[in-house]
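Remarks on the structure that follows.
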Amino acid sequence: MSESKKLVDKVLDIYPAKVMKNRKSHMVIKDASVKQEIAANTRAIPGIITNRGCAYAGCKGVVIGPIVDMVHIVHGPVGCSYYAWGTRRNKGKAREGGQNFLEYAFTTDMQESDIVFGGEKKLKAAIDEAVELFHPKAISISATCPVGLIGDDIHAIARDKSKEHGLKILAFSCEGYKGVSQSAGHHIANNKLMTDVIGTIDTPAKEFSINLLGEYNIGGDEWEIARVLTKIGYNIISTMTGNGAIDEIANAHKADLNVIQCHRSINYVAEMVETKYGLPWIKVNFIGVEGFSKALRDMAKYFDDPALTARTEAVIAEETASIEEEMATYKALLDGKTAVLFVGGSRAHHYQGLLREIGIETIVAGYEFGHRDDYEGRDVIPYIKVDADSRNIEEIHVEKDEKKYSLRIPASRAEQLKNEIPWASYDGLLSEMKDGTLVIDDLNHIETEQIIKILKPEFFGSGIKDKYMVQKMGVYAKQMHSYDYSGPYAGYQGAVNFSRDVAAGILTPAWKYITAPWYKEPLLSGKVEGVEQVC
Amino acid sequence: MIKVIKPDTDNATKKAVKALMTEIHRDDSKDRNKDRNKDRNKDRNYVNMQVNPCKMCMPMGGALALKGVKNAMTIIHGSQGCSTYIRRHMAAHYNEPIDIASSSLSEEGTVYGGSKNLKIGIRNLVNMYQPEVVGVLTTCLAETIGDDIERIVREVRDTGEFEGIDIIPIPTPGYGGSQTEGYFDTIKALMAYFVKKPIQVQKETEETKTPFINIVLSDATCEDVREIKRMVELFGVKALFIPDISDALDAPFTNHYNKLSEEGISREELAKVIYAKATIELGDLVAPNHSPALFLEEEYGVKAYRLPLPIGINNTDCLVKALAEVLDKDIPKALEVERGRLMDGMIDAHKHSATGDIAVFGDMNLVMGIAGLVLENGMQLKLAATGSMSKRFKEQLESKLDQYQQKAEILQDTDYETIREVIQLKGVNLMMGPSDGKFIWEKDHVDFIRVGFPVHDHVGAQRKNIMGYKGSLIFLDEITNHLLDQKHKGYRERMYQTYYPKKESHKPIQTDEAAR
């Protein structure tokens, strides 16, 4: 407790009064005995070096970009398309006879004249070119900052061109300035998936059909998860959106259960799908051995099929036995170390269990773009004050689809299950934290420096933007948005990969040589057979 | 076991040997002729769409230039994403902290003007970091809503709150050009600002009396900057690098992390650029209105030399000659020795390097420099491509190709989709450029040397030395070794396939490319 308190005081002391008041509300020292509240999803302070991105990053970069068989056209000047090109290392495979455009970046590369005279003509022609030459299943148009301002009507263009070419064209008004972070872009993307994609194809689903929501197949996570789920007997109708395919997402409403990995980026779809099609969702955590096993057991409980439950237990037993020894090795190496996690809208929570399994305790955690419900749990949603920035993001309301709606499970059984599994519920990150640990929302550069100086953790899990400052201070920092070109980290095999990488990072001999020997010991260390030995 | 072949055994074998030698030496004059006749007539396959862009936007170049200024911080006036994306890309390349602030423009700021956000942003940045210099870069958003950053910054200065801090507005609209123009414009803006500062009028101090030159160097790694600096110092003269990223973006581990970089050119140094004997601008392809050297010449009479990047013997000779002329000094012995060593290496390597069918892509100045090295070493330049729009790039390369009697595809304002197609078409066996070429490398298995910016899937790009005599030789050796490895790889199998099977079952020779 005292360490966390010391840190908070020190950090707040640096700030001018106004900034101090603002930042204070984004910090909470966990105390389980009271109901705690944290400020989140509010505007970042200008000039403070935040790690947050923009709405475009959340829409195209996170949610829409990983759909493999779409041509994702970024309408705007060249930079935004270039910078979002394959950068999260989402993996994807072409379906049989299908295509995979993940390694492409498409942009209209607007020039000054397009800004002055409008870019609609160029966009229309770009769509024609894309259709003619790539024959994609569908196209997305993502607007960058200037587009909304100059009044290009991307939605009308999408409508007209969609008719003309006979394929889905989804337009996203995800101009970077919308909302306060990537989160706005998630919401914008979710809305369009709901209105234009999900429910447009009706292929009957087999038994034990599920959708994986909020799983982006970074470093191959989805493949490791799917490997185990398929072994148990699940049919994955669609993944939103890692390794996603547009027709599969269109058919998602035929599944019997939505399982949600990243609550922040996709909960809108989950909720709307439940309202419209009667398909319920549960919150899972595929990271960590215990986390994954619990998710599998919760899913089995939902389906309540003796054979499926038996297979679940058999697979859990087999898989955990195969990694037990290696995990124990890493635990022995890392036991007692501490971690700071600052990542995303879910990972700062999801990885705590896995870190604990290898003996690492998380002492500070926070999200870049989480909302209060991601910290405090979904119970807080009715009490969240909606500010102007959030109000500007369209909130769509769906109705029950009388033809396609069906209850998957009798209401009475559902009521019972709600007490047993995280049915449409999420307790948030705070629930995972130990008393006295610190939760910070929208961590910035100055605060990161203080955390490292005062708490001296052994592990800092974040992104590449703060990685090098942390390592300059002598602490191992791991990229957890894109996994430093490694992975998968989800599921059982992923747990081993992650633990191996963390052990390698923390225990690299390099840390021992930081101080040159002449600062630590006399230059000549002794004589061997009359020869002066210096090393 | 490999069967030993005597060249005179029989005709079929002779033919095969000839075919093999032809293959090894890649004497594809026929193909080259075909290439000569083929006129693609366009820079990009798709007119309205960039498919895998080969350029970035102006604020990226601006941010890079400001990283080479001492005790400076950058704030980008626009959405948070602009700052975040640029930080992300620079950090991945330099493996260094890249801390850039944002004015975090929201929808409200977009509608009512971003002045309030920017002012708060500058105030917070100054309060928390105490920089000496604040570079304010714009974005497409700020420019489209018409924010007048000159005025905003003037109002910020007029508050009197920021005495002693130099806040410099630099327009870098994302649609205004590529990162290259952003880089040069920022250097120009820095010079223009500091030379006009009233306190700098005190002329002829002790320091300004000591002769020095300005060097504006584009597309250089930190090691390249250090190397050119060393070369100039061999003349016994100091060079001001504007900017100087050498230690700022390749900082040694010190146990003390400084949020503010103390490396780079200082504002005092920036103020005295007008007293330099000359400005040597390395990388001469941006249009004259973007050139800092020409700006100093026109406004302050500082002689301007615009030269290609010192990559390869010819281009480095250019730099050395210019230095000798400007400084009126003899060429240092040490440089003669280094030139001789490069010469020696070129001659020794030629029998191998001549097998190179090369594609170069990326920043226009870098492509031009590397193309020079490729041509002077007798390699075949098959493709030179840049995403920037530049007629000069095309014109200069064409005259260079004529000089070596070669034909190559030259693309400006192009994209990687087109680059990939040309690489396939021309039978390239080695490509050079930034990491974005990795998709071609992965798909078509064309050998690849990563050079330029960004290189995010290899380490050490900030320390790679390809400039000066020394750097050129290191780079040439790397290229030659890649080509040698291509020969060595599969050599036994190739021989076996060619000679060992029975005569009647002679298969066409398997080259590495075909085997894939």
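Chains: A, B, ... in order of the structure tokens. Residues: from 1 per chain. Ligands: from 1, in order shown.
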Write out as JSON lines the residues of chain B that have any atom within 7 Å of an atom of chain A, one row each with the nearest atom pair and its distance in Å to one decimal, counting only C-alpha atoms, sorted by chain and then rising number.
{"residue": "B:Tyr46", "atom": "CA", "partner": "A:Glu129", "partner_atom": "CA", "distance": 6.8}
{"residue": "B:Asn48", "atom": "CA", "partner": "A:Ala126", "partner_atom": "CA", "distance": 5.0}
{"residue": "B:Met49", "atom": "CA", "partner": "A:Thr108", "partner_atom": "CA", "distance": 4.8}
{"residue": "B:Gln50", "atom": "CA", "partner": "A:Thr107", "partner_atom": "CA", "distance": 5.2}
{"residue": "B:Val51", "atom": "CA", "partner": "A:Phe106", "partner_atom": "CA", "distance": 4.7}
{"residue": "B:Asn52", "atom": "CA", "partner": "A:Ala105", "partner_atom": "CA", "distance": 4.6}
{"residue": "B:Pro53", "atom": "CA", "partner": "A:Tyr82", "partner_atom": "CA", "distance": 6.2}
{"residue": "B:Met56", "atom": "CA", "partner": "A:Gly79", "partner_atom": "CA", "distance": 5.0}
{"residue": "B:Cys57", "atom": "CA", "partner": "A:Gly79", "partner_atom": "CA", "distance": 4.8}
{"residue": "B:Ile75", "atom": "CA", "partner": "A:Gly47", "partner_atom": "CA", "distance": 6.9}
{"residue": "B:Ser79", "atom": "CA", "partner": "A:Tyr177", "partner_atom": "CA", "distance": 5.1}
{"residue": "B:Gln80", "atom": "CA", "partner": "A:Gly53", "partner_atom": "CA", "distance": 5.2}
{"residue": "B:Gly81", "atom": "CA", "partner": "A:Gly53", "partner_atom": "CA", "distance": 4.2}
{"residue": "B:Thr84", "atom": "CA", "partner": "A:Gly53", "partner_atom": "CA", "distance": 5.7}
{"residue": "B:Tyr85", "atom": "CA", "partner": "A:Tyr83", "partner_atom": "CA", "distance": 6.0}
{"residue": "B:Arg87", "atom": "CA", "partner": "A:Lys465", "partner_atom": "CA", "distance": 6.2}
{"residue": "B:Arg88", "atom": "CA", "partner": "A:Lys465", "partner_atom": "CA", "distance": 5.4}
{"residue": "B:Ala91", "atom": "CA", "partner": "A:Lys465", "partner_atom": "CA", "distance": 6.3}
{"residue": "B:Ala92", "atom": "CA", "partner": "A:Ile464", "partner_atom": "CA", "distance": 6.8}
{"residue": "B:Asn95", "atom": "CA", "partner": "A:Tyr468", "partner_atom": "CA", "distance": 6.2}
{"residue": "B:Glu96", "atom": "CA", "partner": "A:Tyr468", "partner_atom": "CA", "distance": 5.2}
{"residue": "B:Pro97", "atom": "CA", "partner": "A:Tyr468", "partner_atom": "CA", "distance": 4.9}
{"residue": "B:Ile98", "atom": "CA", "partner": "A:Lys465", "partner_atom": "CA", "distance": 6.9}
{"residue": "B:Asp99", "atom": "CA", "partner": "A:Ile49", "partner_atom": "CA", "distance": 6.9}
{"residue": "B:Ile100", "atom": "CA", "partner": "A:Ile49", "partner_atom": "CA", "distance": 6.5}
{"residue": "B:Ala101", "atom": "CA", "partner": "A:Ile49", "partner_atom": "CA", "distance": 4.9}
{"residue": "B:Ser102", "atom": "CA", "partner": "A:Gly47", "partner_atom": "CA", "distance": 5.4}
{"residue": "B:Ser103", "atom": "CA", "partner": "A:Pro46", "partner_atom": "CA", "distance": 4.5}
{"residue": "B:Ser104", "atom": "CA", "partner": "A:Pro46", "partner_atom": "CA", "distance": 5.3}
{"residue": "B:Leu105", "atom": "CA", "partner": "A:Tyr177", "partner_atom": "CA", "distance": 5.9}
{"residue": "B:Ser106", "atom": "CA", "partner": "A:Tyr177", "partner_atom": "CA", "distance": 4.6}
{"residue": "B:Glu107", "atom": "CA", "partner": "A:Lys178", "partner_atom": "CA", "distance": 5.4}
{"residue": "B:Asn117", "atom": "CA", "partner": "A:Pro46", "partner_atom": "CA", "distance": 6.2}
{"residue": "B:Ile120", "atom": "CA", "partner": "A:Pro46", "partner_atom": "CA", "distance": 6.2}
{"residue": "B:Gly121", "atom": "CA", "partner": "A:Gly47", "partner_atom": "CA", "distance": 3.6}
{"residue": "B:Ile122", "atom": "CA", "partner": "A:Gly47", "partner_atom": "CA", "distance": 5.9}
{"residue": "B:Asn124", "atom": "CA", "partner": "A:Gly47", "partner_atom": "CA", "distance": 5.3}
{"residue": "B:Leu125", "atom": "CA", "partner": "A:Gly47", "partner_atom": "CA", "distance": 4.9}
{"residue": "B:Cys140", "atom": "CA", "partner": "A:Pro146", "partner_atom": "CA", "distance": 6.3}
{"residue": "B:Leu141", "atom": "CA", "partner": "A:Cys145", "partner_atom": "CA", "distance": 5.5}
{"residue": "B:Thr144", "atom": "CA", "partner": "A:Pro146", "partner_atom": "CA", "distance": 6.2}
{"residue": "B:Gly174", "atom": "CA", "partner": "A:Pro77", "partner_atom": "CA", "distance": 6.0}
{"residue": "B:Tyr175", "atom": "CA", "partner": "A:Gln111", "partner_atom": "CA", "distance": 4.9}
{"residue": "B:Gly176", "atom": "CA", "partner": "A:Glu112", "partner_atom": "CA", "distance": 6.2}
{"residue": "B:Phe253", "atom": "CA", "partner": "A:Lys472", "partner_atom": "CA", "distance": 6.3}
{"residue": "B:Asn255", "atom": "CA", "partner": "A:Met473", "partner_atom": "CA", "distance": 6.1}
{"residue": "B:His256", "atom": "CA", "partner": "A:Met473", "partner_atom": "CA", "distance": 6.6}
{"residue": "B:Tyr257", "atom": "CA", "partner": "A:Met473", "partner_atom": "CA", "distance": 5.8}
Restrict the selected residues to N, CA and C atoms and save them as a CSV table (one decimal), in the first residue's frame.
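Heads up, here's the output in result.csv:
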chain,number,residue,atom,x,y,z
B,46,TYR,N,-2.3,1.1,-60.6
B,46,TYR,CA,-3.7,1.6,-60.4
B,46,TYR,C,-3.6,3.1,-60.2
B,48,ASN,N,-5.9,5.4,-59.2
B,48,ASN,CA,-6.6,6.1,-58.1
B,48,ASN,C,-6.3,5.5,-56.8
B,49,MET,N,-5.6,4.4,-56.8
B,49,MET,CA,-5.4,3.7,-55.5
B,49,MET,C,-3.9,3.4,-55.4
B,50,GLN,N,-3.4,3.6,-54.2
B,50,GLN,CA,-2.1,3.1,-53.9
B,50,GLN,C,-2.3,1.8,-53.2
B,51,VAL,N,-1.6,0.8,-53.8
B,51,VAL,CA,-1.7,-0.6,-53.2
B,51,VAL,C,-0.3,-0.8,-52.5
B,52,ASN,N,-0.3,-0.8,-51.2
B,52,ASN,CA,0.9,-0.9,-50.4
B,52,ASN,C,1.8,0.3,-50.7
B,53,PRO,N,1.6,1.4,-50.1
B,53,PRO,CA,2.3,2.6,-50.4
B,53,PRO,C,3.8,2.6,-50.1
B,56,MET,N,5.5,7.8,-46.8
B,56,MET,CA,4.8,8.2,-45.6
B,56,MET,C,4.4,9.6,-45.7
B,57,CYS,N,3.9,10.2,-44.6
B,57,CYS,CA,3.4,11.6,-44.7
B,57,CYS,C,4.4,12.6,-44.1
B,75,ILE,N,5.4,18.5,-30.6
B,75,ILE,CA,3.9,18.3,-30.4
B,75,ILE,C,3.3,18.3,-31.8
B,79,SER,N,-5.1,14.7,-34.5
B,79,SER,CA,-5.6,13.6,-33.7
B,79,SER,C,-4.5,12.9,-33.0
B,80,GLN,N,-4.8,12.2,-31.9
B,80,GLN,CA,-3.8,11.4,-31.2
B,80,GLN,C,-3.1,10.4,-32.1
B,81,GLY,N,-3.8,9.9,-33.0
B,81,GLY,CA,-3.3,8.8,-33.9
B,81,GLY,C,-2.0,9.2,-34.6
B,84,THR,N,0.8,9.0,-32.2
B,84,THR,CA,1.0,7.6,-31.8
B,84,THR,C,1.6,6.7,-33.0
B,85,TYR,N,1.1,6.9,-34.2
B,85,TYR,CA,1.6,6.1,-35.3
B,85,TYR,C,3.0,6.4,-35.6
B,87,ARG,N,5.2,7.7,-33.5
B,87,ARG,CA,6.1,7.2,-32.4
B,87,ARG,C,6.3,5.7,-32.6
B,88,ARG,N,5.3,5.0,-32.9
B,88,ARG,CA,5.3,3.6,-33.1
B,88,ARG,C,6.3,3.2,-34.2
B,91,ALA,N,10.0,4.2,-33.2
B,91,ALA,CA,10.5,3.4,-32.1
B,91,ALA,C,10.9,2.0,-32.6
B,92,ALA,N,10.1,1.5,-33.5
B,92,ALA,CA,10.4,0.1,-34.1
B,92,ALA,C,11.7,0.1,-34.9
B,95,ASN,N,14.7,1.6,-32.1
B,95,ASN,CA,14.8,1.0,-30.8
B,95,ASN,C,15.2,2.0,-29.7
B,96,GLU,N,14.6,3.1,-29.8
B,96,GLU,CA,14.8,4.2,-28.8
B,96,GLU,C,13.5,4.8,-28.4
B,97,PRO,N,13.4,5.4,-27.2
B,97,PRO,CA,12.2,6.1,-26.8
B,97,PRO,C,11.9,7.2,-27.8
B,98,ILE,N,10.7,7.3,-28.3
B,98,ILE,CA,10.4,8.4,-29.2
B,98,ILE,C,9.1,9.0,-28.6
B,99,ASP,N,9.4,10.2,-27.9
B,99,ASP,CA,8.3,10.8,-27.2
B,99,ASP,C,7.8,12.0,-27.8
B,100,ILE,N,6.6,11.9,-28.4
B,100,ILE,CA,6.1,13.0,-29.1
B,100,ILE,C,4.7,13.3,-28.6
B,101,ALA,N,4.4,14.5,-28.3
B,101,ALA,CA,3.1,14.9,-27.7
B,101,ALA,C,2.1,15.1,-28.8
B,102,SER,N,0.8,15.2,-28.4
B,102,SER,CA,-0.2,15.5,-29.4
B,102,SER,C,-1.1,16.5,-28.8
B,103,SER,N,-1.8,17.3,-29.6
B,103,SER,CA,-2.7,18.3,-29.1
B,103,SER,C,-4.1,17.6,-28.9
B,104,SER,N,-4.1,16.3,-29.2
B,104,SER,CA,-5.3,15.5,-28.9
B,104,SER,C,-6.6,16.2,-29.4
B,105,LEU,N,-6.6,16.6,-30.7
B,105,LEU,CA,-7.8,17.2,-31.2
B,105,LEU,C,-9.0,16.3,-31.2
B,106,SER,N,-10.1,16.8,-30.6
B,106,SER,CA,-11.3,16.0,-30.6
B,106,SER,C,-12.3,16.6,-31.5
B,107,GLU,N,-13.5,16.0,-31.5
B,107,GLU,CA,-14.5,16.5,-32.4
B,107,GLU,C,-14.9,18.0,-32.1
B,117,ASN,N,-6.9,23.6,-27.8
B,117,ASN,CA,-6.2,22.3,-27.5
B,117,ASN,C,-4.7,22.5,-27.7
B,120,ILE,N,-3.2,24.6,-24.8
B,120,ILE,CA,-3.1,23.8,-23.5
B,120,ILE,C,-1.9,22.8,-23.7
B,121,GLY,N,-1.9,22.2,-24.9
B,121,GLY,CA,-0.9,21.1,-25.1
B,121,GLY,C,0.5,21.7,-25.0
B,122,ILE,N,0.8,22.8,-25.6
B,122,ILE,CA,2.1,23.4,-25.5
B,122,ILE,C,2.4,23.8,-24.0
B,124,ASN,N,1.2,22.4,-21.2
B,124,ASN,CA,1.5,21.2,-20.5
B,124,ASN,C,2.9,20.6,-20.8
B,125,LEU,N,3.2,20.6,-22.1
B,125,LEU,CA,4.4,20.0,-22.5
B,125,LEU,C,5.6,20.7,-21.9
B,140,CYS,N,-3.0,16.7,-41.5
B,140,CYS,CA,-4.1,16.9,-42.4
B,140,CYS,C,-5.2,17.6,-41.7
B,141,LEU,N,-5.5,17.1,-40.5
B,141,LEU,CA,-6.6,17.6,-39.8
B,141,LEU,C,-6.5,19.1,-39.5
B,144,THR,N,-6.7,21.1,-42.6
B,144,THR,CA,-8.0,21.1,-43.3
B,144,THR,C,-9.0,22.0,-42.5
B,174,GLY,N,-0.4,16.3,-44.0
B,174,GLY,CA,-0.2,15.0,-44.5
B,174,GLY,C,-0.4,14.8,-46.0
B,175,TYR,N,-1.1,15.7,-46.6
B,175,TYR,CA,-1.4,15.5,-48.0
B,175,TYR,C,-0.4,16.4,-48.9
B,176,GLY,N,0.5,17.0,-48.2
B,176,GLY,CA,1.4,18.0,-48.9
B,176,GLY,C,2.6,17.5,-49.5
B,253,PHE,N,23.5,2.9,-23.7
B,253,PHE,CA,22.8,2.7,-22.4
B,253,PHE,C,23.7,3.3,-21.4
B,255,ASN,N,22.2,3.9,-17.9
B,255,ASN,CA,21.7,3.8,-16.5
B,255,ASN,C,20.9,5.0,-16.1
B,256,HIS,N,21.0,6.1,-16.8
B,256,HIS,CA,20.2,7.3,-16.5
B,256,HIS,C,19.3,7.6,-17.7
B,257,TYR,N,18.1,7.6,-17.5
B,257,TYR,CA,17.2,7.9,-18.6
B,257,TYR,C,16.8,9.3,-18.5
Just asking: which residues within range 226-422 of chain B are alpha helix (DSSP H) according to DSSP, as number ranges by chain? B: 226-234, 267-271, 292-300, 313-327, 333-353, 364-376, 391-403, 416-422
So how far away is CA of Ala300 in chain A from CA of Thr320 in chain A, in Å?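 Going from CA of Thr320 in chain A over to CA of Ala300 in chain A covers 17.3 Å.
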Which residues, written as a VMD selection string, have at least one atom at most 7 Å from range 341-343 of chain A, with only C-alpha atoms counted and residues fewer than 3 positions away on the same chain left out? chain A and resid 347 to 348 364 to 368 460 to 462 480
Which of range 236-382 of chain A fall in strand (DSSP E), as a PyMOL selection string: chain A and resi 236-241+257-260+281-283+337-342+360-366
Best match for closeness to Glu420 in chain A among A:Ile282, A:Met27, A:Val11, A:Ala495, counting only C-alpha atoms: A:Ile282
